[in-house]
Amino acid sequence: SDEGDMRFRTTREQSIRPLMDAIARRISEAQARGWVDPGIHAYSATGVLLAMLERNAVVVGTTSHAGITKDRQIEATAYLVAQMLGPPKR
């Protein structure tokens, strides 16, 4: 929907920037604590996480291939986000 319309893209970018900044800060903090590889660019990882969450909102529960369930997809998503934002599970 934002393809080609710079006004929409600019508005979308401005609206998501505070969330991106907050998540990137958390990733940077996790990197400083040794929880996340410091070679990963925090803002790039943030973009990937947000894209994954946005896409998951559309596709979770739409397939049952290979044992995929809605609960398993949600659990996998939460795991991946936690790996980037929180301390390692002990």
# chains A, B, ... in the order shown; residues from 1 in each chain; ligands from 1
>>> residues_around(residues="segment 71-88 of chain A", least_positions_apart="3", cutoff="8 Å", atoms="only C-alpha atoms", output="number ranges by chain")
A: 23, 26-27, 30, 35-36, 49, 53, 60-61, 68
>>> select_by_dssp(residues="segment 24-76 of chain A", states="alpha helix (DSSP H)", output="VMD selection string")
chain A and resid 24 to 32 42 to 59 70 to 76
>>> atom_distance(atom1="atom CA of Tyr43 of chain A", atom2="atom CA of Ser28 of chain A")
9.1 Å
>>> atom_distance(atom1="atom CA of Met20 of chain A", atom2="atom CA of Val48 of chain A")
10.6 Å
>>> closest_residue(among="A:Met52, A:Thr46, A:Ala66, A:Val58", to="Leu19 of chain A", atoms="only C-alpha atoms")
A:Thr46
